[in-house]
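Participant: Structure incoming, see below.
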Amino acid sequence: MNKILLAAAALVAVNSATAAVKVSGIFSDDMVLQRGKPVPVWGTAEPGEEVKVAFAGKTAAAKTGADGRFKVVLPPLDALKTGGELTVEGANKIVFKNVVVGDVWLVSGQSNSEMSFSWGIINGKEEMAKAKDYPNIRAVKFRHETSIFPSAGEPCCGKWVVATEKTLGGITAEGYFMAREINAKTGIPIGILDDNWSGCRIEPFVCAEGLRLVPELKNDSDGVVKARAAMVDWCCRIAAHKEDGRFDQAGRMPSGGGNWTVQHNAMIEPIVDFPICGATWYQGCSNGNEGMSYAKKLEALIGGWRAKWGYEFPFYIVQLASYTAKTDDPAGGNGYAKIRNAMRIAAQTIPKTGLAVAIDIGNAKDIHPKNKYDVGYRLSLWARRDVYGEKDLVVSGPLYKSMKVEDGKIRLSFDHVGSGLMAAEKGPDTPGIAPTPCELGDDKLKGFAIAGADKRWYWANAEIDGKDVVVSAEEVPVPVAVRYAFRANPMGDCNLYNKEGLPASPFRTDDW
């Protein structure tokens with residue numbers, strides 16, 4: 001493997017020796033640097049040249065290597081709300097203006113993550129007009145690129161921009177709303193690495209190191225190794241025939257590896273030296289037929305990215321919203337039901353992760369629900385507790401914890417009960433509006449199904465009992481399992497919330 005990677009590095013290396021200092025494209029005017037961590041600044045210059053970096057009263061220097069590359073590391077920086085100048089100086093001088101220091105969040109996934117205000121976000125015009133009040137939210141957008149090998153070259157990104165009414169048309173709405181909530185509460189500048197790909201699966205964003213962390217994905221990891229080896233061999237054959245021009249003797253360019261890692265290699269790998277505060281992941285539609293296999297892929301994604309950055313940063317997952325036509329089958333299991341459950345389990349078992357439940361803000365006819373405010377708000381709750389010190393904050397709706405059979409009924413216990421459970425209803429297209437508690441006498445919980453050992457499912461009676469929910473059905477005198485909102489589109493038929501107004505996640509207690 002090491003030989004393959006060394007060969008790959010040689011293949012993708014660029015002759016970077018140059019008389020002028022050049023800095024990686026992730027650095028530009030208006031950028032946000034991560035507070036509280038050493039900040040590397042890297043690029044190319046003449047081999048052996050000393051490069052100095054200065055910012056906010058701190059300086060550091062380093063010499064370029066024989067390959068013309070340098071990395072200067074500034075000491076950890078405090079939050080800085082007033083933009084300053086960062087200078088990089090060698091044979092020439094580069095000045096980056098309006099640079100602030102705060103928290104940088106990597107926002108990744110597929111189209112629901114990439115979805116900007118230009119997609120028709122609910123109340124979008126009014127929300128965009130508010131951007132003038134938040135000058136310290138900035139973002140940098142990444143292009144869609146792939147590579148079989150991890151790239152040490154230029155990141156595929158544009159320039160940093162301040163989030164304004166004019167620029168929000170090209171910035172992730174989910175990420176912006178999360179950033180705005182955090183900035184409004186803390187005043188800390190927030191930077192968004194808007195690094196996603198509409199229509200993508202999870203596999204291309206997983207790095208090879210992450211694959212090796214999950215034994216269940218060994219075959220896929222081996223496939224990546226073989227694909228890279230085949231590409232190295234092909235390139236060597238190309239080189240062997242270069243002089244006589246017989247390129248066709250090298251054969252067709254190989255493929256393979258199941259597209260694992262190729263987006264990570266081009267879109268994530270070049271920025272792993274850029275410190276971040278945490279990451280969000282809003283993806284799954286393209287893997288929507290999966291169940292627990294997706295939880296393993298999330299484990300590889302998260303573990304790999306954390307290994308690349310070198311620390312265990314917070315990672316928050318957006319659970320897929322309701323979509324497609326409603327059905328009446330109590331067994332459910334159709335559409336995104338299984339992958340939602342896998343997301344829940346991953347978020348409850350992988351350290352320092354969280355789940356933003358969106359089951360109540362979907363759209364039967366639109367895979368891209370336009371209510372992105374509530375998504376960003378629910379993500380921000382996790383960050384406000386984990387990163388910004390609001391220790392008593394309720395960050396989630398009820399998440400299934402355990403069950404107990406008693407007297408022909410099943411008692412369900414939950415994490416994140418908050419100040420109590422309630423039956424409530426929320427309009428999916430009413431961003432920022434709390435769910436309305438059901439009237440007494442009309443507060444029956446919906447969406448629960450129950451089964452016995454025969455694995456036949458029936459709609460259940462479900463009642464709140466303190467911090468628990470008790471579920472039963474006359475047809476099932478000896479129950480063994482429960483499912484809640486375990487369907488493609490349970491909106492209107494899943495009404496369990498905590499009193500903080502956050503919805504319960506769909507779940508199943510069985511593994512049939």
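Identifiers in this document derive from the order of the structure tokens: chains are assigned A, B, ..., residues are numbered from 1 separately in each chain, and ligands are numbered from 1 in order of occurrence.
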If you run DSSP on the backbone here, which positions in region 125-308 of chain A get helix (DSSP H, G or I)? Please write them as number ranges by chain.

Facilitator: A: 125-133, 168-170, 173-186, 203-205, 208-212, 215-240, 247-250, 257-259, 262-271, 285-287, 292-308

Participant: Could you list, as a ChimeraX atom specification, every residue within 9 Å of region 298-313 of chain A, counting only C-alpha atoms and ignoring same-chain residues fewer than 6 positions away?

Facilitator: /A:202-203,205-214,217,268-269,272-279,343,346,350-353

Participant: Once you have the residues from the selection above, write them out as a short mmCIF file (atom, residue, chain, number, x, y, z; two decimals), in the first residue's frame, restricted to N, CA and C atoms.

Facilitator:
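This went into selection01.cif:
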data_model
loop_
_atom_site.label_atom_id
_atom_site.label_comp_id
_atom_site.auth_asym_id
_atom_site.auth_seq_id
_atom_site.Cartn_x
_atom_site.Cartn_y
_atom_site.Cartn_z
N ILE A 202 -22.50 8.24 -0.61
CA ILE A 202 -21.55 8.49 0.48
C ILE A 202 -20.16 7.95 0.15
N GLU A 203 -20.10 6.85 -0.62
CA GLU A 203 -18.83 6.16 -0.84
C GLU A 203 -17.71 7.06 -1.37
N PHE A 205 -17.02 10.08 -0.80
CA PHE A 205 -16.51 11.01 0.20
C PHE A 205 -15.76 10.31 1.34
N VAL A 206 -15.73 8.98 1.33
CA VAL A 206 -15.02 8.23 2.37
C VAL A 206 -13.56 8.08 1.94
N CYS A 207 -12.63 8.34 2.84
CA CYS A 207 -11.22 8.20 2.50
C CYS A 207 -10.75 6.77 2.77
N ALA A 208 -9.62 6.40 2.19
CA ALA A 208 -9.09 5.04 2.32
C ALA A 208 -8.80 4.70 3.78
N GLU A 209 -8.32 5.69 4.54
CA GLU A 209 -8.03 5.44 5.96
C GLU A 209 -9.31 5.11 6.71
N GLY A 210 -10.40 5.76 6.36
CA GLY A 210 -11.68 5.46 7.01
C GLY A 210 -12.16 4.07 6.69
N LEU A 211 -12.00 3.64 5.45
CA LEU A 211 -12.40 2.27 5.07
C LEU A 211 -11.68 1.25 5.91
N ARG A 212 -10.39 1.47 6.15
CA ARG A 212 -9.60 0.49 6.90
C ARG A 212 -9.99 0.42 8.37
N LEU A 213 -10.73 1.42 8.85
CA LEU A 213 -11.15 1.43 10.25
C LEU A 213 -12.35 0.53 10.52
N VAL A 214 -13.06 0.11 9.46
CA VAL A 214 -14.31 -0.63 9.61
C VAL A 214 -14.15 -2.02 9.01
N LEU A 217 -16.05 -3.37 6.00
CA LEU A 217 -15.82 -2.77 4.68
C LEU A 217 -14.46 -3.19 4.10
N ILE A 268 -11.73 16.95 -0.47
CA ILE A 268 -11.48 17.02 0.97
C ILE A 268 -9.98 16.96 1.28
N GLU A 269 -9.29 16.03 0.68
CA GLU A 269 -7.87 15.81 0.97
C GLU A 269 -7.03 17.09 0.89
N VAL A 272 -7.17 19.20 4.35
CA VAL A 272 -7.15 18.59 5.68
C VAL A 272 -6.16 19.28 6.62
N ASP A 273 -5.28 20.13 6.09
CA ASP A 273 -4.40 20.92 6.95
C ASP A 273 -5.07 22.21 7.42
N PHE A 274 -6.24 22.52 6.86
CA PHE A 274 -6.97 23.73 7.25
C PHE A 274 -7.84 23.40 8.45
N PRO A 275 -7.54 23.92 9.64
CA PRO A 275 -8.27 23.50 10.84
C PRO A 275 -9.76 23.82 10.77
N ILE A 276 -10.57 22.93 11.32
CA ILE A 276 -12.01 23.12 11.37
C ILE A 276 -12.51 22.91 12.79
N CYS A 277 -13.71 23.39 13.04
CA CYS A 277 -14.37 23.19 14.33
C CYS A 277 -15.16 21.89 14.34
N GLY A 278 -15.83 21.59 13.20
CA GLY A 278 -16.67 20.40 13.13
C GLY A 278 -17.23 20.26 11.73
N ALA A 279 -18.13 19.27 11.55
CA ALA A 279 -18.68 18.99 10.23
C ALA A 279 -20.14 18.60 10.34
N MET A 343 -29.09 5.98 10.33
CA MET A 343 -28.54 7.28 10.72
C MET A 343 -28.69 7.50 12.22
N ALA A 346 -26.18 5.28 14.09
CA ALA A 346 -24.83 5.81 13.95
C ALA A 346 -24.61 7.01 14.87
N ILE A 350 -21.60 6.48 17.59
CA ILE A 350 -20.29 7.05 17.26
C ILE A 350 -20.06 8.26 18.16
N PRO A 351 -18.93 8.34 18.85
CA PRO A 351 -18.69 9.45 19.79
C PRO A 351 -18.75 10.81 19.12
N LYS A 352 -19.23 11.78 19.87
CA LYS A 352 -19.27 13.19 19.48
C LYS A 352 -20.02 13.41 18.16
N THR A 353 -21.12 12.70 18.01
CA THR A 353 -21.99 12.93 16.86
C THR A 353 -23.37 13.34 17.35
#

Participant: CA of Lys159 (chain A) and CA of Lys97 (chain A), how far apart in Å?

Facilitator: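 Between CA of Lys97 (chain A) and CA of Lys159 (chain A) the gap works out to 12.3 Å.
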
Participant: One number please: CA of Trp234 (chain A) to CA of Pro270 (chain A), in Å, one decimal.

Facilitator: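 Value for the CA of Trp234 (chain A)-CA of Pro270 (chain A) distance: 24.2 Å.
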
Participant: Check region 228-364 of chain A with DSSP on the backbone and list each residue it calls strand (DSSP E or B), as number ranges by chain.

Facilitator: A: 278-282, 315-318, 353-356

Participant: Any idea what the distance is between CA of Ala460 (chain A) and CA of Asp329 (chain A)?

Facilitator: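 For CA of Ala460 (chain A) relative to CA of Asp329 (chain A), the distance reads 12.3 Å.
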
Participant: Write out as a VMD selection string which residues come within 10 Å of Ile339 (chain A) when counting only C-alpha atoms, dropping same-chain ones fewer than 2 positions away.

Facilitator: chain A and resid 284 to 285 287 to 295 319 to 320 333 335 to 337 341 to 345

Participant: Please, could you write that set of residues out with N, CA, C and O atoms as a compact mmCIF listing (two decimals), in the first residue's frame?

Facilitator:
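Generated output (result.txt):
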# COMPACT_ATOMS: atom_id res chain seq x y z
N GLY A 284 -27.88 10.89 1.74
CA GLY A 284 -28.52 9.60 1.96
C GLY A 284 -29.52 9.23 0.89
O GLY A 284 -29.82 8.06 0.71
N CYS A 285 -30.05 10.23 0.18
CA CYS A 285 -31.04 9.92 -0.85
C CYS A 285 -30.46 8.95 -1.89
O CYS A 285 -31.15 8.02 -2.33
N ASN A 287 -28.24 6.76 -1.41
CA ASN A 287 -28.04 5.46 -0.76
C ASN A 287 -29.34 4.99 -0.12
O ASN A 287 -29.34 4.15 0.79
N GLY A 288 -30.47 5.51 -0.60
CA GLY A 288 -31.73 5.39 0.11
C GLY A 288 -32.30 4.00 0.27
O GLY A 288 -33.20 3.80 1.07
N ASN A 289 -31.78 3.02 -0.47
CA ASN A 289 -32.29 1.65 -0.32
C ASN A 289 -31.54 0.87 0.74
O ASN A 289 -31.78 -0.32 0.93
N GLU A 290 -30.62 1.51 1.45
CA GLU A 290 -29.78 0.80 2.42
C GLU A 290 -30.37 0.83 3.82
O GLU A 290 -31.22 1.67 4.15
N GLY A 291 -29.84 -0.06 4.65
CA GLY A 291 -30.17 -0.07 6.07
C GLY A 291 -28.89 0.08 6.87
O GLY A 291 -28.17 1.07 6.74
N MET A 292 -28.57 -0.93 7.67
CA MET A 292 -27.44 -0.82 8.57
C MET A 292 -26.09 -0.73 7.86
O MET A 292 -25.10 -0.30 8.44
N SER A 293 -26.03 -1.12 6.59
CA SER A 293 -24.77 -0.93 5.85
C SER A 293 -24.40 0.55 5.79
O SER A 293 -23.20 0.89 5.78
N TYR A 294 -25.41 1.41 5.78
CA TYR A 294 -25.12 2.85 5.74
C TYR A 294 -24.50 3.32 7.05
O TYR A 294 -23.65 4.22 7.04
N ALA A 295 -24.89 2.73 8.16
CA ALA A 295 -24.29 3.10 9.44
C ALA A 295 -22.79 2.80 9.43
O ALA A 295 -21.98 3.57 9.97
N GLN A 319 -30.94 13.72 9.40
CA GLN A 319 -31.73 12.55 9.01
C GLN A 319 -32.69 12.93 7.87
O GLN A 319 -33.27 14.02 7.89
N LEU A 320 -32.86 12.04 6.91
CA LEU A 320 -33.67 12.35 5.75
C LEU A 320 -35.12 12.66 6.12
O LEU A 320 -35.72 11.99 6.96
N GLY A 333 -41.31 0.25 6.50
CA GLY A 333 -40.04 -0.22 5.96
C GLY A 333 -39.76 0.22 4.55
O GLY A 333 -38.72 -0.11 3.98
N GLY A 335 -39.30 3.10 1.29
CA GLY A 335 -38.62 4.37 1.10
C GLY A 335 -37.37 4.49 1.94
O GLY A 335 -36.53 3.59 1.99
N TYR A 336 -37.23 5.64 2.61
CA TYR A 336 -36.03 5.92 3.40
C TYR A 336 -36.11 5.42 4.84
O TYR A 336 -35.30 5.81 5.68
N ALA A 337 -37.08 4.57 5.14
CA ALA A 337 -37.27 4.15 6.53
C ALA A 337 -36.02 3.51 7.12
O ALA A 337 -35.60 3.84 8.24
N ASN A 341 -33.18 4.91 10.13
CA ASN A 341 -32.87 4.19 11.36
C ASN A 341 -31.37 3.98 11.50
O ASN A 341 -30.81 4.07 12.60
N ALA A 342 -30.70 3.71 10.37
CA ALA A 342 -29.24 3.56 10.40
C ALA A 342 -28.56 4.86 10.80
O ALA A 342 -27.57 4.86 11.56
N MET A 343 -29.09 5.98 10.33
CA MET A 343 -28.54 7.28 10.72
C MET A 343 -28.69 7.50 12.22
O MET A 343 -27.77 8.00 12.89
N ARG A 344 -29.86 7.14 12.74
CA ARG A 344 -30.09 7.30 14.18
C ARG A 344 -29.11 6.47 14.98
O ARG A 344 -28.49 6.96 15.94
N ILE A 345 -28.94 5.22 14.60
CA ILE A 345 -28.05 4.33 15.35
C ILE A 345 -26.61 4.82 15.26
O ILE A 345 -25.88 4.81 16.26

Participant: List the neighbours of Tyr377 (chain A) out to 12 Å using only C-alpha atoms; skip same-chain residues closer than 4 positions along the sequence, and give me the result as a ChimeraX atom specification.

Facilitator: /A:173-185,318,356-358,371-373,381-384,395-396,431-434,502

Participant: Would you write out those residues with C-alpha atoms, as an mmCIF file, in the first residue's frame?

Facilitator:
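Done, and the output landed in result.cif:
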data_model
loop_
_atom_site.group_PDB
_atom_site.id
_atom_site.type_symbol
_atom_site.label_atom_id
_atom_site.label_comp_id
_atom_site.auth_asym_id
_atom_site.auth_seq_id
_atom_site.Cartn_x
_atom_site.Cartn_y
_atom_site.Cartn_z
ATOM 1 C CA ALA A 173 -28.829 27.312 3.010
ATOM 2 C CA GLU A 174 -28.599 24.567 5.636
ATOM 3 C CA GLY A 175 -25.062 25.639 6.532
ATOM 4 C CA TYR A 176 -25.933 29.329 6.507
ATOM 5 C CA PHE A 177 -28.884 28.958 8.878
ATOM 6 C CA MET A 178 -26.788 26.887 11.262
ATOM 7 C CA ALA A 179 -23.997 29.471 11.114
ATOM 8 C CA ARG A 180 -26.431 32.340 11.647
ATOM 9 C CA GLU A 181 -27.942 30.751 14.750
ATOM 10 C CA ILE A 182 -24.497 30.195 16.242
ATOM 11 C CA ASN A 183 -23.239 33.663 15.341
ATOM 12 C CA ALA A 184 -26.384 35.294 16.722
ATOM 13 C CA LYS A 185 -25.973 33.500 20.055
ATOM 14 C CA VAL A 318 -29.202 15.381 9.127
ATOM 15 C CA ALA A 356 -30.909 16.603 13.353
ATOM 16 C CA VAL A 357 -34.315 14.971 12.800
ATOM 17 C CA ALA A 358 -36.259 16.323 9.807
ATOM 18 C CA ASN A 371 -37.643 24.471 4.816
ATOM 19 C CA LYS A 372 -33.924 24.645 5.519
ATOM 20 C CA TYR A 373 -34.187 27.022 8.461
ATOM 21 C CA LEU A 381 -28.538 23.175 18.953
ATOM 22 C CA TRP A 382 -25.969 20.374 19.009
ATOM 23 C CA ALA A 383 -23.156 22.823 18.335
ATOM 24 C CA ARG A 384 -24.381 25.305 20.928
ATOM 25 C CA VAL A 395 -30.447 19.492 21.550
ATOM 26 C CA SER A 396 -32.730 16.830 20.118
ATOM 27 C CA PRO A 431 -39.813 27.616 9.422
ATOM 28 C CA GLY A 432 -39.121 28.693 12.966
ATOM 29 C CA ILE A 433 -42.691 28.066 14.140
ATOM 30 C CA ALA A 434 -42.883 25.670 17.076
ATOM 31 C CA LEU A 502 -38.216 18.845 18.802
#

Participant: Just want the 10 Å neighbourhood of Ala129 (chain A), counted on only C-alpha atoms, with same-chain residues fewer than 3 positions away dropped. Output as a PyMOL selection string.

Facilitator: chain A and resi 124-126+132-133+164-166+168

Participant: Those residues with N, CA and C atoms, as a short mmCIF file (atom, residue, chain, number, x, y, z; two decimals), in the first residue's frame please?

Facilitator:
data_model
loop_
_atom_site.label_atom_id
_atom_site.label_comp_id
_atom_site.auth_asym_id
_atom_site.auth_seq_id
_atom_site.Cartn_x
_atom_site.Cartn_y
_atom_site.Cartn_z
N GLY A 124 -37.20 32.93 1.51
CA GLY A 124 -35.82 33.18 1.12
C GLY A 124 -35.48 34.65 0.96
N LYS A 125 -36.35 35.44 0.33
CA LYS A 125 -36.07 36.85 0.11
C LYS A 125 -35.91 37.59 1.43
N GLU A 126 -36.81 37.30 2.37
CA GLU A 126 -36.74 37.96 3.69
C GLU A 126 -35.49 37.53 4.44
N LYS A 132 -27.30 41.27 6.11
CA LYS A 132 -26.51 42.47 6.43
C LYS A 132 -26.22 42.57 7.92
N ASP A 133 -27.02 41.92 8.73
CA ASP A 133 -26.83 41.98 10.18
C ASP A 133 -25.81 40.95 10.68
N THR A 164 -23.91 37.63 1.98
CA THR A 164 -24.74 38.82 1.82
C THR A 164 -25.96 38.48 0.97
N GLU A 165 -26.82 39.44 0.83
CA GLU A 165 -28.01 39.24 0.01
C GLU A 165 -27.63 38.85 -1.42
N LYS A 166 -26.50 39.36 -1.88
CA LYS A 166 -26.06 39.08 -3.25
C LYS A 166 -25.36 37.73 -3.40
N LEU A 168 -25.75 34.93 -1.20
CA LEU A 168 -26.43 33.77 -0.63
C LEU A 168 -27.04 32.86 -1.69
#

Participant: Once you count only C-alpha atoms, what closest atom pair and distance in Å to one decimal does each residue of region 258-360 of chain A within 8 Å of region 111-115 of chain A have, with rows by chain and rising residue number, as a Markdown table?

Facilitator:
| residue | atom | partner | partner_atom | distance |
| --- | --- | --- | --- | --- |
| A:Trp281 | CA | A:Ser113 | CA | 7.5 |
| A:Tyr282 | CA | A:Ser113 | CA | 5.3 |
| A:Gln283 | CA | A:Asn112 | CA | 7.2 |

Participant: Which residues come within 10 Å of Val41 (chain A), counting only C-alpha atoms, excluding same-chain residues fewer than 2 positions away, as a ChimeraX atom specification?

Facilitator: /A:23-24,26-27,38-39,43,52-53,60-61,70-74,88,273-274

Participant: Please save all heavy atoms of the selected residues as a tab-separated table (two decimals), in the first residue's frame.

Facilitator:
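Final file, part_12.tsv:
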chain	number	residue	atom	x	y	z
A	23	VAL	N	0.38	30.85	-2.50
A	23	VAL	CA	-0.29	30.25	-1.35
A	23	VAL	C	-1.47	29.40	-1.84
A	23	VAL	O	-2.10	29.71	-2.85
A	23	VAL	CB	-0.78	31.33	-0.36
A	23	VAL	CG1	-1.47	30.70	0.84
A	23	VAL	CG2	0.40	32.17	0.10
A	24	SER	N	-1.75	28.33	-1.12
A	24	SER	CA	-2.89	27.47	-1.47
A	24	SER	C	-4.16	28.29	-1.66
A	24	SER	O	-4.42	29.28	-0.96
A	24	SER	CB	-3.11	26.44	-0.36
A	24	SER	OG	-4.34	25.76	-0.53
A	26	ILE	N	-7.09	27.84	-0.76
A	26	ILE	CA	-8.06	27.90	0.34
A	26	ILE	C	-7.94	29.23	1.09
A	26	ILE	O	-8.83	29.63	1.82
A	26	ILE	CB	-7.87	26.72	1.32
A	26	ILE	CG1	-9.03	26.62	2.31
A	26	ILE	CG2	-6.55	26.83	2.07
A	26	ILE	CD1	-10.35	26.29	1.68
A	27	PHE	N	-6.82	29.94	0.87
A	27	PHE	CA	-6.61	31.24	1.52
A	27	PHE	C	-6.99	32.36	0.56
A	27	PHE	O	-6.59	32.37	-0.61
A	27	PHE	CB	-5.14	31.39	1.92
A	27	PHE	CG	-4.67	30.36	2.91
A	27	PHE	CD1	-4.06	29.19	2.47
A	27	PHE	CD2	-4.87	30.53	4.27
A	27	PHE	CE1	-3.64	28.22	3.36
A	27	PHE	CE2	-4.45	29.56	5.18
A	27	PHE	CZ	-3.84	28.40	4.72
A	38	PRO	N	-3.40	25.67	16.13
A	38	PRO	CA	-2.35	26.15	15.24
A	38	PRO	C	-2.89	26.25	13.81
A	38	PRO	O	-3.66	25.40	13.37
A	38	PRO	CB	-1.26	25.07	15.35
A	38	PRO	CG	-1.51	24.43	16.69
A	38	PRO	CD	-3.00	24.46	16.87
A	39	VAL	N	-2.49	27.30	13.10
A	39	VAL	CA	-3.02	27.55	11.75
A	39	VAL	C	-1.88	27.43	10.73
A	39	VAL	O	-1.04	28.32	10.63
A	39	VAL	CB	-3.65	28.95	11.66
A	39	VAL	CG1	-4.13	29.22	10.24
A	39	VAL	CG2	-4.82	29.06	12.64
A	43	GLY	N	2.08	26.55	0.73
A	43	GLY	CA	2.11	26.91	-0.67
A	43	GLY	C	3.43	26.54	-1.30
A	43	GLY	O	4.08	25.57	-0.88
A	52	LYS	N	7.77	34.04	5.43
A	52	LYS	CA	7.26	34.54	6.71
A	52	LYS	C	5.76	34.82	6.62
A	52	LYS	O	5.29	35.33	5.61
A	52	LYS	CB	7.99	35.82	7.11
A	52	LYS	CG	9.50	35.66	7.29
A	52	LYS	CD	10.16	36.98	7.63
A	52	LYS	CE	11.66	36.83	7.79
A	52	LYS	NZ	12.33	38.14	8.10
A	53	VAL	N	5.05	34.49	7.68
A	53	VAL	CA	3.61	34.75	7.75
A	53	VAL	C	3.35	35.58	9.01
A	53	VAL	O	3.88	35.27	10.09
A	53	VAL	CB	2.79	33.45	7.80
A	53	VAL	CG1	1.31	33.75	7.96
A	53	VAL	CG2	3.03	32.63	6.53
A	60	ALA	N	5.40	33.74	12.12
A	60	ALA	CA	6.08	32.45	12.03
A	60	ALA	C	6.77	32.40	10.67
A	60	ALA	O	6.43	33.14	9.74
A	60	ALA	CB	5.10	31.29	12.18
A	61	ALA	N	7.77	31.52	10.55
A	61	ALA	CA	8.51	31.40	9.30
A	61	ALA	C	8.96	29.97	9.10
A	61	ALA	O	9.06	29.17	10.04
A	61	ALA	CB	9.72	32.35	9.31
A	70	PHE	N	6.25	24.81	1.03
A	70	PHE	CA	6.48	25.29	2.39
A	70	PHE	C	5.20	25.15	3.20
A	70	PHE	O	4.09	25.10	2.64
A	70	PHE	CB	6.95	26.75	2.40
A	70	PHE	CG	5.88	27.74	2.01
A	70	PHE	CD1	4.98	28.24	2.95
A	70	PHE	CD2	5.77	28.19	0.70
A	70	PHE	CE1	3.99	29.14	2.60
A	70	PHE	CE2	4.77	29.10	0.33
A	70	PHE	CZ	3.89	29.58	1.28
A	71	LYS	N	5.35	25.10	4.50
A	71	LYS	CA	4.22	25.15	5.43
A	71	LYS	C	4.68	25.95	6.65
A	71	LYS	O	5.58	25.52	7.38
A	71	LYS	CB	3.76	23.78	5.86
A	71	LYS	CG	2.54	23.82	6.81
A	71	LYS	CD	2.20	22.44	7.36
A	71	LYS	CE	1.63	21.56	6.28
A	71	LYS	NZ	1.18	20.25	6.85
A	72	VAL	N	4.06	27.09	6.85
A	72	VAL	CA	4.33	27.93	8.01
A	72	VAL	C	3.15	27.80	8.96
A	72	VAL	O	2.00	27.88	8.53
A	72	VAL	CB	4.50	29.41	7.59
A	72	VAL	CG1	4.75	30.28	8.82
A	72	VAL	CG2	5.65	29.55	6.60
A	73	VAL	N	3.43	27.58	10.24
A	73	VAL	CA	2.36	27.34	11.20
A	73	VAL	C	2.30	28.48	12.21
A	73	VAL	O	3.22	28.69	13.01
A	73	VAL	CB	2.55	26.00	11.93
A	73	VAL	CG1	1.39	25.76	12.90
A	73	VAL	CG2	2.67	24.85	10.94
A	74	LEU	N	1.21	29.23	12.16
A	74	LEU	CA	0.97	30.27	13.16
A	74	LEU	C	0.50	29.64	14.46
A	74	LEU	O	-0.21	28.62	14.45
A	74	LEU	CB	-0.10	31.24	12.67
A	74	LEU	CG	0.29	32.22	11.56
A	74	LEU	CD1	-0.96	32.93	11.04
A	74	LEU	CD2	1.31	33.23	12.06
A	88	VAL	N	1.91	37.11	3.74
A	88	VAL	CA	2.82	36.01	3.42
A	88	VAL	C	3.94	36.61	2.58
A	88	VAL	O	3.68	37.18	1.51
A	88	VAL	CB	2.11	34.89	2.64
A	88	VAL	CG1	3.05	33.72	2.39
A	88	VAL	CG2	0.86	34.42	3.37
A	273	ASP	N	-5.28	20.13	6.09
A	273	ASP	CA	-4.40	20.92	6.95
A	273	ASP	C	-5.07	22.21	7.42
A	273	ASP	O	-4.51	22.93	8.25
A	273	ASP	CB	-3.10	21.26	6.22
A	273	ASP	CG	-2.13	20.09	6.17
A	273	ASP	OD1	-2.23	19.22	7.06
A	273	ASP	OD2	-1.30	20.04	5.25
A	274	PHE	N	-6.24	22.52	6.86
A	274	PHE	CA	-6.97	23.73	7.25
A	274	PHE	C	-7.84	23.40	8.45
A	274	PHE	O	-8.80	22.63	8.33
A	274	PHE	CB	-7.82	24.21	6.07
A	274	PHE	CG	-8.30	25.63	6.20
A	274	PHE	CD1	-7.47	26.68	5.86
A	274	PHE	CD2	-9.58	25.91	6.65
A	274	PHE	CE1	-7.90	28.01	5.97
A	274	PHE	CE2	-10.03	27.22	6.76
A	274	PHE	CZ	-9.18	28.27	6.43
